[in-house]
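Student: Below: one structure in structure tokens.
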There are 4 protein chains.
Amino acid sequence: MLTIADVTEIGIGMLGYAFMGKAHANALKKMAYMTWPPPLEPKLVGIAGRNAEAVQEAATRYGFEYATQDWRDLVADDRIGLFDNSGPNSLHAEPTIAAAEAGKHVVCEKPLGRDAAESYDIWQRVAATGVKHLCAFNYRFVPAVRLAREMVEAGELGEVRHFRGRYLQDWGDDTSLDTWRFDPQAAGSGALGDLMTHVVDLARFLNGEIESVQGFAHTFLAGRNVDDAVEAAVQFANGSVGTLEATRFAHGHRNAFQWELNGTKGSLIFDMERLNELQVFRADGDRARGFKTVLVSEQTHPFWEYWWPPGHIIGWGDTFMHELHHLLRCIADDTDVEPYGATFEDGYRASEICDAIVRSGESGAREPITFR
Amino acid sequence: MLTIADVTEIGIGMLGYAFMGKAHANALKKMAYMTWPPPLEPKLVGIAGRNAEAVQEAATRYGFEYATQDWRDLVADDRIGLFDNSGPNSLHAEPTIAAAEAGKHVVCEKPLGRDAAESYDIWQRVAATGVKHLCAFNYRFVPAVRLAREMVEAGELGEVRHFRGRYLQDWGDDTSLDTWRFDPQAAGSGALGDLMTHVVDLARFLNGEIESVQGFAHTFLAGRNVDDAVEAAVQFANGSVGTLEATRFAHGHRNAFQWELNGTKGSLIFDMERLNELQVFRADGDRARGFKTVLVSEQTHPFWEYWWPPGHIIGWGDTFMHELHHLLRCIADDTDVEPYGATFEDGYRASEICDAIVRSGESGAREPITFR
Amino acid sequence: MLTIADVTEIGIGMLGYAFMGKAHANALKKMAYMTWPPPLEPKLVGIAGRNAEAVQEAATRYGFEYATQDWRDLVADDRIGLFDNSGPNSLHAEPTIAAAEAGKHVVCEKPLGRDAAESYDIWQRVAATGVKHLCAFNYRFVPAVRLAREMVEAGELGEVRHFRGRYLQDWGDDTSLDTWRFDPQAAGSGALGDLMTHVVDLARFLNGEIESVQGFAHTFLAGRNVDDAVEAAVQFANGSVGTLEATRFAHGHRNAFQWELNGTKGSLIFDMERLNELQVFRADGDRARGFKTVLVSEQTHPFWEYWWPPGHIIGWGDTFMHELHHLLRCIADDTDVEPYGATFEDGYRASEICDAIVRSGESGAREPITFR
Amino acid sequence: MLTIADVTEIGIGMLGYAFMGKAHANALKKMAYMTWPPPLEPKLVGIAGRNAEAVQEAATRYGFEYATQDWRDLVADDRIGLFDNSGPNSLHAEPTIAAAEAGKHVVCEKPLGRDAAESYDIWQRVAATGVKHLCAFNYRFVPAVRLAREMVEAGELGEVRHFRGRYLQDWGDDTSLDTWRFDPQAAGSGALGDLMTHVVDLARFLNGEIESVQGFAHTFLAGRNVDDAVEAAVQFANGSVGTLEATRFAHGHRNAFQWELNGTKGSLIFDMERLNELQVFRADGDRARGFKTVLVSEQTHPFWEYWWPPGHIIGWGDTFMHELHHLLRCIADDTDVEPYGATFEDGYRASEICDAIVRSGESGAREPITFR
């Protein structure tokens with residue numbers, strides 16, 4: 001019988017208590033009993049945030065031992081083994097690097113930096129410390145996405161011909177929103193860093209490296225200082241081609257991160273709004289041919305060992321539990337975060353490709369992708 | 001600012017640590033921070049189960065202070081204010097009644113009893129104690145189901161003409177399964193108590209009382225001692241008519257609890273495998289007429305205040321959080337569990353209707369529904 | 001090279017020029033070139049109808065040589081080899097029997113008669129003449145339905161456990177409609193003869209004979225003299241069970257004839273509003289399990305030899321071409337209309353089962369199905 | 001009462017008897033009675049094709065008075081008022097121009113010419129004659145597409161932000177196919193002229209002119225002399241942006257011409273494989289928000305006056321009837337083919353945009369669209 005004494009603790013220090021802070025805190029708390037035994041027992045030590053009252057309430061709510069307005073307190077706290085950066089984009093670089101240099105493992109929300117240069121710097125400086133680093137592209141940890149990756153790896157799609165991905169949301173028209181996401185200093189960019197990085201990351205995760213892009217970023221609203229939408233035609237290193245899109249102006253789509261892969265042996269289709277499903281086509285000669293709607297909830301499916309009987313679906317928030325569980329497993333066993341987790345190198349590469357789309361829009365020219 | 005001192009604790013004693021135990025424990029733990037502030041802070045005191053090692057591991061895993069093989073220990077524990085019966089059907093009656101008679105509030109999994117008589121007895125004896133009682137028809141707490149109820153109540157469907165409900169699963173063919181669910185003594189019935197009670201409960205929740213049934217329970221497999229499927233044509237007190245079905249033999253359907261309402265002003269369609277969605281038809285004269293696929297995840301939608309931005313869907317397990325949150329709210333405020341929660345009376349009524357279908361199958365006759 | 005001289009003509013006499021008349025005329029005209037060579041070349045000789053002006057216009061429109069107000073003119077016309085009865089239900093018996101007794105092959109719209117007795121009489125008297133007879137259950141000639149039948153016949157579903165069928169329409173609330181379909185003398189019944197006969201016919205076509213029914217017909221509107229909806233729980237001779245439903249009061253559904261089959265090896269789902277699609281589940285152990293959306297439009301699919309490249313879908317009206325083509329093939333080759341076409345015996349059997357549901361509603365008792 | 005004498009005939013001369021010939025012949029024959037009265041009665045006079053036996057059989061099959069191997073016979077035939085060019089792309093220019101210069105109205109399949117220069121020449125020379133000319137972009141005549149256009153025109157979408165269109169087929173991998181569509185001389189291009197012209201035409205039809213493109217054409221198979229896929233990011237004159245794609249290498253998609261419009265007031269989604277449906281989102285503040293699945297089959301919907309009761313869907317082939325009916329109406333009434341029909345100018349413009357994508361791929365540069 002497993003007793004709690006058998007599980008080593010890891011102290012967590014978190015920066016940020018809003019949308020992503022809630023998602024990460026929930027994941028860490030839920031992991032402790034839903035994945036049993038957890039690789040490490042997350043102990044919520046400290047949480048940092050700008051607003052004193054709000055960060056204290058978050059500490060109370062999620063059970064952190066203390067709250068602070070200075071993230072340096074977390075960096076200085078020896079009990080903290082994992083620094084979880086769920087803060088706004090402008091607070092990704094300095095605290096994350098400082099935490100890593102203090103010997104803490106780090107997870108940082110996407111986009112890693114506000115542009116490729118900043119992302120590169122974060123990656124290089126953190127990698128130099130030797131800690132584990134994970135860029136929180138949580139959609140790699142959707143069961144259907146992992147299943148897709150496994151199918152691609154196993155050759156079930158044959159040679160891939162196309163990847164088309166688009167992340168469609170519809171809140172960009174709401175000018176009443178007071179969010180750092182419209183502030184270029186805090187966010188770095190608009191749909192580009194927020195949504196297109198996800199598209200690029202899954203494109204790379206499922207279909208390998210991108211070789212060139214032709215496209216542009218676009219801003220619809222006068223006075224808006226970040227991009228609202230991004231459009232691109234792309235070529236992959238494996239010879240496949242496709243389109244990438246991200247927008248905050250697609251009415252009716254709340255969180256429609258949709259992608260499709262077409263290969264010589266089959267195809268896959270996915271939509272984040274139905275994240276428990278994967279559409280699978282097999283060119284197997286069956287007279288009854290068509291896309292299967294696979295409810296990714298079988299005992300043989302990725303991550304499903306932690307959950308319920310088949311057909312009892314999970315939620316968007318649960319993908320964070322898979323992600324942070326993976327990181328704790330890598331820390332506990334000293335194994336690589338990649339290939340299933342995104343490292344800071346992946347975070348940087350997504351930024352480099354996103355910046356190339358912006359440059360293509362400015363110059364009109366096809367931009368080959370060159371990594372530093 | 002809210003501090004933890006502002007939230008009163010309630011001690012939880014749980015019977016059962018398997019499928020339902022996991023679902024309830026997760027709900028209670030998650031509630032404490034996802035619904036903030038929770039009506040009462042659930043404190044996991046004790047958990048009871050047959051297997052000493054397994055129940056001890058469950059206590060460790062979920063954080064109960066102690067484990068016991070005797071549920072009477074929970075009944076006798078004064079620190080426990082809520083007795084949560086997640087055990088098999090044969091263990092519903094005695095422990096639940098004992099807990100209530102010891103002054104504890106009670107929640108009991110469905111079906112309440114193994115037949116109408118046992119259900120009636122549980123209800124009557126528990127109601128006599130004055131404690132809060134909730135029969136865990138958790139599907140009332142799916143946001144789409146609650147939204148449907150609110151739309152019906154607001155008259156948005158007009159006069160209802162039809163309710164058709166079916167709960168389709170597909171594991172009944174697996175004779176290798178070793179589960180109490182095939183044991184008539186432990187379960188009382190098969191698809192009837194397991195699935196049809198859910199169908200009947202939502203039929204009543206959304207469309208009011210059932211007046212008569214014509215149908216039957218059926219067993220496909222030789223040697224199977226419980227029913228495998230149930231079929232019925234029904235009449236409702238409001239003049240509407242429809243069909244009810246439950247089966248464990250519908251290949252391809254893992255957890256397809258599907259229902260539909262047709263009214264003079266509109267229609268609703270639901271499928272539990274896409275539990276975040278509600279199909280809504282409005283007979284509003286719009287030239288572009290059709291069923292809307294509503295992603296029930298807006299800030300204005302039921303329960304969504306606890307969750308994420310629109311489009312970031314929740315899971316099946318999360319419905320238990322809504323349910324137990326409702327119960328704790330009723331306990332904290334001393335308000336009625338009904339109409340949104342199912343009481344033990346609702347548990348009894350579902351059993352009575354289920355038994356009537358069985359009788360109809362045996363006699364061949366239409367069975368009017370008469371409650372004791 | 002085929003020349004027109006190689007195809008024998010068959011003279012057509014049609015009764016009725018409204019909805020069904022248009023559907024049949026279109027089918028006969030289109031068949032001549034879409035199925036090449038046609039088994040027989042339909043030659044539109046005469047058309048009969050009540051309203052002199054309207055029937056003359058129909059003759060002009062569709063190219064019949066003459067119009068008449070007296071169907072007896074068609075019966076007496078030796079050039080007519082096939083009598084096509086597309087008239088209202090009250091005009092099914094006498095003209096059809098007369099035509100058959102005059103030696104003409106006959107096709108008659110469903111329901112065959114207005115009740116089981118009339119249907120039986122039509123069948124018996126027509127069968128005695130030895131002509132070919134087809135009851136126009138055209139949905140047997142939907143490619144997806146025929147594909148389903150072929151899959152069932154080939155054992156691809158294994159042993160069938162369930163059939164559930166429902167025909168949902170939503171025009172019953174429109175009391176302004178002036179149609180013979182609400183007139184009990186002309187129609188015999190409401191949703192029962194109009195829609196439930198289709199459900200019963202496909203239930204029999206796909207799953208074999210029905211053994212017993214429990215259910216009822218129901219009328220919602222005061223002053224309505226025919227039934228509005230029919231509900232039943234049923235048992236099949238092959239041991240499977242299910243529900244049957246027909247209604248004109250399901251808002252949002254224009255022509256939703258939906259059915260599902262569940263077997264030990266797989267399942268099929270169909271909806272007439274997407275008549276080019278069949279949902280196919282195979283219990284084949286594929287890790288990626290789920291229902292396939294099969295676009296029934298491959299060269300290997302039923303009837304598709306007459307049409308377009310895959311994915312170029314056909315319409316509801318085209319099912320009549322398949323049906324009448326089948327009948328002409330049977331006439332040309334002197335082969336049996338069954339099993340793929342419905343004979344008048346099938347028309348009678350559907351009526352017998354429909355009447356049994358009505359009787360069950362009146363008596364409250366299970367009605368075993370006994371054919372005369 | 002209408003008699004046949006009231007409808008003027010128009011003689012048809014058709015070039016081509018294969019896929020498109022069948023589609024056009026069916027449309028012309030069906031129109032005569034399904035649209036009643038037709039604007040002009042199509043009289044099938046002559047049909048031309050390369051293979052003597054095949055063209056004679058086609059004449060017999062469809063009822064043309066004569067067959068010929070020389071299209072000049074049709075041009076010379078005074079009884080022919082409409083020249084219908086359903087031949088391969090290399091036979092578009094000369095016969096169409098000759099027919100127009102002989103005073104015949106002309107309809108020509110898409111792409112108009114094999115490149116922009118040829119398309120321009122056809123347009124200019126035909127326009128100079130003053131005859132009616134229609135480029136057979138039949139998808140403008142899908143009821144759902146026309147409904148979309150009407151909604152856009154009525155301002156129901158507000159200001160459009162995005163158009164994304166893709167035409168996905170999956171037969172490009174089949175190297176055994178012997179078709180002129182892989183022959184650069186006969187076809188001019190691959191997916192570009194065959195599929196992307198459709199995407200571009202509906203983009204323009206629904207969202208107005210395209211201003212610039214960035215993208216490329218791509219060939220997957222060694223030895224293939226035409227493009228297999230085309231990818232582009234585009235900007236529209238109205239300020240909206242999006243992606244366009246066409247491919248013959250998307251396994252599982254037989255005829256998936258999918259497009260989406262997002263505007264400030266709503267969105268529309270369409271898929272040709274479900275051509276009777278339009279997905280409609282309205283940002284109308286309804287708490288129950290989402291995309292409606294509109295079955296475009298109401299009496300108030302475009303073209304539906306010719307068909308059946310609601311919900312009785314039509315097929316892909318029927319769009320040609322709408323298209324040619326429109327042309328005959330324009331001829332009969334001497335009205336403009338545009339805006340609902342595509343003229344040869346539209347055919348040329350689609351070619352110009354397609355060629356610009358190819359140039360963008362070759363140069364890597366954004367190509368502004370400039371019409372000659």
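Residues in the structure tokens are named by chain (A, B, ... in the order shown) and by number from 1 within that chain; ligands are numbered from 1 in the order shown.
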List as a ChimeraX atom specification the protein and nucleic acid residues near region 291-301 of chain C, meaning an atom at most 9 Å away when only C-alpha atoms are counted, but skip any in the same chain fewer than 6 places from it.
Tutor: /A:279-281,287-294 /B:252-253 /C:143-144,146-147,267-269,275-282,307-314 /D:254,273
Student: If you keep C-alpha atoms, can you produce a file of those selected residues as a PDB file, in the first residue's frame?
Tutor:
```
ATOM      1  CA  GLN A 279     -11.978  12.843 -36.285  1.00  0.00           C
ATOM      2  CA  VAL A 280     -10.039   9.982 -37.854  1.00  0.00           C
ATOM      3  CA  PHE A 281     -10.076   8.945 -41.501  1.00  0.00           C
ATOM      4  CA  ARG A 287     -16.428   0.265 -48.404  1.00  0.00           C
ATOM      5  CA  ALA A 288     -17.894   2.229 -45.512  1.00  0.00           C
ATOM      6  CA  ARG A 289     -15.348   5.028 -45.651  1.00  0.00           C
ATOM      7  CA  GLY A 290     -15.488   8.283 -43.753  1.00  0.00           C
ATOM      8  CA  PHE A 291     -14.251  10.210 -40.770  1.00  0.00           C
ATOM      9  CA  LYS A 292     -14.745   8.483 -37.435  1.00  0.00           C
ATOM     10  CA  THR A 293     -15.762  10.622 -34.499  1.00  0.00           C
ATOM     11  CA  VAL A 294     -13.469   9.140 -31.870  1.00  0.00           C
TER      12      VAL A 294
ATOM     13  CA  GLY B 252     -20.553   2.719 -30.240  1.00  0.00           C
ATOM     14  CA  HIS B 253     -22.207   4.656 -27.438  1.00  0.00           C
TER      15      HIS B 253
ATOM     16  CA  PRO C 143     -28.503   4.625 -51.027  1.00  0.00           C
ATOM     17  CA  ALA C 144     -27.606   4.759 -47.331  1.00  0.00           C
ATOM     18  CA  ARG C 146     -29.797   0.033 -49.047  1.00  0.00           C
ATOM     19  CA  LEU C 147     -26.176   0.034 -47.909  1.00  0.00           C
ATOM     20  CA  SER C 267     -24.147  -0.027 -35.159  1.00  0.00           C
ATOM     21  CA  LEU C 268     -25.708   2.167 -37.830  1.00  0.00           C
ATOM     22  CA  ILE C 269     -27.354   5.588 -37.507  1.00  0.00           C
ATOM     23  CA  LEU C 275     -29.852  11.219 -46.518  1.00  0.00           C
ATOM     24  CA  ASN C 276     -26.479  10.912 -48.226  1.00  0.00           C
ATOM     25  CA  GLU C 277     -24.834   9.903 -44.964  1.00  0.00           C
ATOM     26  CA  LEU C 278     -24.740   6.735 -42.897  1.00  0.00           C
ATOM     27  CA  GLN C 279     -23.093   6.616 -39.489  1.00  0.00           C
ATOM     28  CA  VAL C 280     -21.240   3.325 -39.132  1.00  0.00           C
ATOM     29  CA  PHE C 281     -19.684   1.912 -35.975  1.00  0.00           C
ATOM     30  CA  ARG C 282     -17.614  -1.257 -36.143  1.00  0.00           C
ATOM     31  CA  TRP C 307     -24.811   9.373 -60.555  1.00  0.00           C
ATOM     32  CA  TRP C 308     -21.708  11.515 -60.128  1.00  0.00           C
ATOM     33  CA  PRO C 309     -18.190  11.239 -58.798  1.00  0.00           C
ATOM     34  CA  PRO C 310     -17.948  10.564 -55.054  1.00  0.00           C
ATOM     35  CA  GLY C 311     -19.065  13.346 -52.755  1.00  0.00           C
ATOM     36  CA  HIS C 312     -21.472  14.916 -55.240  1.00  0.00           C
ATOM     37  CA  ILE C 313     -24.635  14.235 -53.319  1.00  0.00           C
ATOM     38  CA  ILE C 314     -28.124  13.392 -54.540  1.00  0.00           C
TER      39      ILE C 314
ATOM     40  CA  ARG D 254     -14.517  13.800 -51.563  1.00  0.00           C
ATOM     41  CA  GLU D 273     -20.751  17.815 -48.861  1.00  0.00           C
TER      42      GLU D 273
END
```
Student: For a quick test of understanding: name the residues of chain D lying within 8 Å of chain C when counting only C-alpha atoms, and present them as a count of residues only.
Tutor: 32
Student: Skipping near chain neighbours, those fewer than 4 positions away, what residues fall within 7 Å of Glu65 (chain D) using only C-alpha atoms, listed as a PyMOL selection string?
Tutor: chain D and resi 44-46+59
Student: Grab the residues selected above and save them as a compact mmCIF listing (two decimals), in the first residue's frame with C-alpha atoms.
Tutor:
```txt
# COMPACT_ATOMS: atom_id res chain seq x y z
CA LEU D 44 -31.77 19.66 -77.42
CA VAL D 45 -30.61 20.11 -81.00
CA GLY D 46 -27.06 18.90 -81.39
CA ALA D 59 -27.35 12.08 -78.28
```
Student: Please identify which residues in region 194-274 of chain A DSSP calls helix (DSSP H, G or I) from the backbone, and express them as a PyMOL selection string.
Tutor: chain A and resi 194-207+272-274
Student: In Å, rounded to a single decimal, give me how far CA of Gly364 (chain C) is from CA of Leu221 (chain C).
Tutor: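 Result for CA of Leu221 (chain C) versus CA of Gly364 (chain C): 21.7 Å, one decimal.
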Student: Quick one: everything within 8 Å of region 90-94 of chain C, counting only C-alpha atoms, minus sequence neighbours fewer than 2 positions away in the same chain. Send it as a list of chain:residue names.
Tutor: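 Residues meeting the cut-off are C:Asn85, C:Gly87, C:Pro88, C:Thr96, C:Ile97, C:Ala98, C:Cys108, C:Glu109, C:Leu112, C:Gly113, C:Arg114, C:Glu118, C:Ser119, C:Ile122, C:Gln185, C:Ala186, C:Ala187, C:Gly188.
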Student: Any chance you could export the current selection's N, CA and C atoms as a PDB file, in the first residue's frame?
Tutor:
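Ended up saving to again.pdb:
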```pdb
ATOM      1  N   ASN C  85     -50.219   4.950 -58.887  1.00  0.00           N
ATOM      2  CA  ASN C  85     -51.202   5.603 -58.037  1.00  0.00           C
ATOM      3  C   ASN C  85     -50.527   6.518 -57.024  1.00  0.00           C
ATOM      4  N   GLY C  87     -52.230   9.154 -55.820  1.00  0.00           N
ATOM      5  CA  GLY C  87     -53.358   9.910 -55.292  1.00  0.00           C
ATOM      6  C   GLY C  87     -53.487   9.809 -53.783  1.00  0.00           C
ATOM      7  N   PRO C  88     -54.475  10.499 -53.228  1.00  0.00           N
ATOM      8  CA  PRO C  88     -54.705  10.432 -51.780  1.00  0.00           C
ATOM      9  C   PRO C  88     -55.123   9.025 -51.358  1.00  0.00           C
ATOM     10  N   THR C  96     -56.470   1.077 -57.914  1.00  0.00           N
ATOM     11  CA  THR C  96     -55.331   0.168 -57.992  1.00  0.00           C
ATOM     12  C   THR C  96     -55.789  -1.245 -58.310  1.00  0.00           C
ATOM     13  N   ILE C  97     -56.835  -1.660 -57.630  1.00  0.00           N
ATOM     14  CA  ILE C  97     -57.363  -3.005 -57.884  1.00  0.00           C
ATOM     15  C   ILE C  97     -57.887  -3.104 -59.332  1.00  0.00           C
ATOM     16  N   ALA C  98     -58.587  -2.074 -59.752  1.00  0.00           N
ATOM     17  CA  ALA C  98     -59.126  -2.078 -61.113  1.00  0.00           C
ATOM     18  C   ALA C  98     -58.011  -2.159 -62.143  1.00  0.00           C
ATOM     19  N   CYS C 108     -48.304   1.818 -55.905  1.00  0.00           N
ATOM     20  CA  CYS C 108     -49.252   2.607 -55.117  1.00  0.00           C
ATOM     21  C   CYS C 108     -48.517   3.269 -53.961  1.00  0.00           C
ATOM     22  N   GLU C 109     -48.813   4.536 -53.737  1.00  0.00           N
ATOM     23  CA  GLU C 109     -48.194   5.257 -52.621  1.00  0.00           C
ATOM     24  C   GLU C 109     -48.616   4.637 -51.285  1.00  0.00           C
ATOM     25  N   LEU C 112     -50.734   1.751 -47.967  1.00  0.00           N
ATOM     26  CA  LEU C 112     -51.426   1.040 -49.038  1.00  0.00           C
ATOM     27  C   LEU C 112     -52.934   1.288 -48.953  1.00  0.00           C
ATOM     28  N   GLY C 113     -53.520   0.949 -47.788  1.00  0.00           N
ATOM     29  CA  GLY C 113     -54.922   1.274 -47.537  1.00  0.00           C
ATOM     30  C   GLY C 113     -55.029   2.164 -46.316  1.00  0.00           C
ATOM     31  N   ARG C 114     -56.234   2.560 -45.989  1.00  0.00           N
ATOM     32  CA  ARG C 114     -56.388   3.467 -44.848  1.00  0.00           C
ATOM     33  C   ARG C 114     -56.355   2.732 -43.519  1.00  0.00           C
ATOM     34  N   GLU C 118     -58.373  -2.657 -45.260  1.00  0.00           N
ATOM     35  CA  GLU C 118     -58.356  -2.177 -46.639  1.00  0.00           C
ATOM     36  C   GLU C 118     -57.044  -2.567 -47.329  1.00  0.00           C
ATOM     37  N   SER C 119     -55.949  -2.449 -46.582  1.00  0.00           N
ATOM     38  CA  SER C 119     -54.655  -2.813 -47.159  1.00  0.00           C
ATOM     39  C   SER C 119     -54.625  -4.288 -47.538  1.00  0.00           C
ATOM     40  N   ILE C 122     -56.597  -4.856 -50.716  1.00  0.00           N
ATOM     41  CA  ILE C 122     -55.859  -4.422 -51.914  1.00  0.00           C
ATOM     42  C   ILE C 122     -54.802  -5.465 -52.267  1.00  0.00           C
ATOM     43  N   GLN C 185     -61.525  10.674 -43.555  1.00  0.00           N
ATOM     44  CA  GLN C 185     -62.073   9.859 -44.645  1.00  0.00           C
ATOM     45  C   GLN C 185     -61.038   9.709 -45.764  1.00  0.00           C
ATOM     46  N   ALA C 186     -60.365  10.806 -46.088  1.00  0.00           N
ATOM     47  CA  ALA C 186     -59.418  10.771 -47.199  1.00  0.00           C
ATOM     48  C   ALA C 186     -58.102  10.100 -46.803  1.00  0.00           C
ATOM     49  N   ALA C 187     -57.688  10.332 -45.550  1.00  0.00           N
ATOM     50  CA  ALA C 187     -56.346   9.880 -45.150  1.00  0.00           C
ATOM     51  C   ALA C 187     -56.369   8.588 -44.341  1.00  0.00           C
ATOM     52  N   GLY C 188     -57.467   8.350 -43.641  1.00  0.00           N
ATOM     53  CA  GLY C 188     -57.539   7.154 -42.796  1.00  0.00           C
ATOM     54  C   GLY C 188     -56.954   7.407 -41.424  1.00  0.00           C
TER      55      GLY C 188
END
```
